[in-house]
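Worksheet: one structure, shown below.
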Amino acid sequence: MCVCNKCTTIGGTLFLIVGILYLLTDLNYIAFWNLNWWTVLFLLVGIGGLASSKCPECQDKGKGKKK
């Protein structure tokens, strides 16, 4: 999977936000929907895959790699 800088930044930001939410949950500052970490991970990977499949820059990078 080839992703552009924009998609990498968005994905990294989403992972950071979710990580901070889980950290705050572990420290008992907030209750974060009572979801398992692997469920959230699968959702984030799925969202990232769908987003990069619709991104024209990511599609161009994938085409360039096949040549």
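Identifiers in this document derive from the order of the structure tokens: chains are assigned A, B, ..., residues are numbered from 1 separately in each chain, and ligands are numbered from 1 in order of occurrence.
The shell of residues at most 10 Å from region 18-32 of chain A, with only C-alpha atoms counted and near chain neighbours (fewer than 5 positions) removed, consists of Gly12, Thr13, Trp37, Val40, Leu41 and Leu44 of chain A.
By chain and then residue number, the residues within 10 Å of Cys7 (chain A) are A:Cys2, A:Val3, A:Gly11, A:Gly12, A:Thr13, A:Gly48, A:Gly49, A:Ala51, A:Ser52, A:Cys55, A:Glu57, A:Cys58, counting only C-alpha atoms and disregarding those fewer than 4 positions away in sequence.
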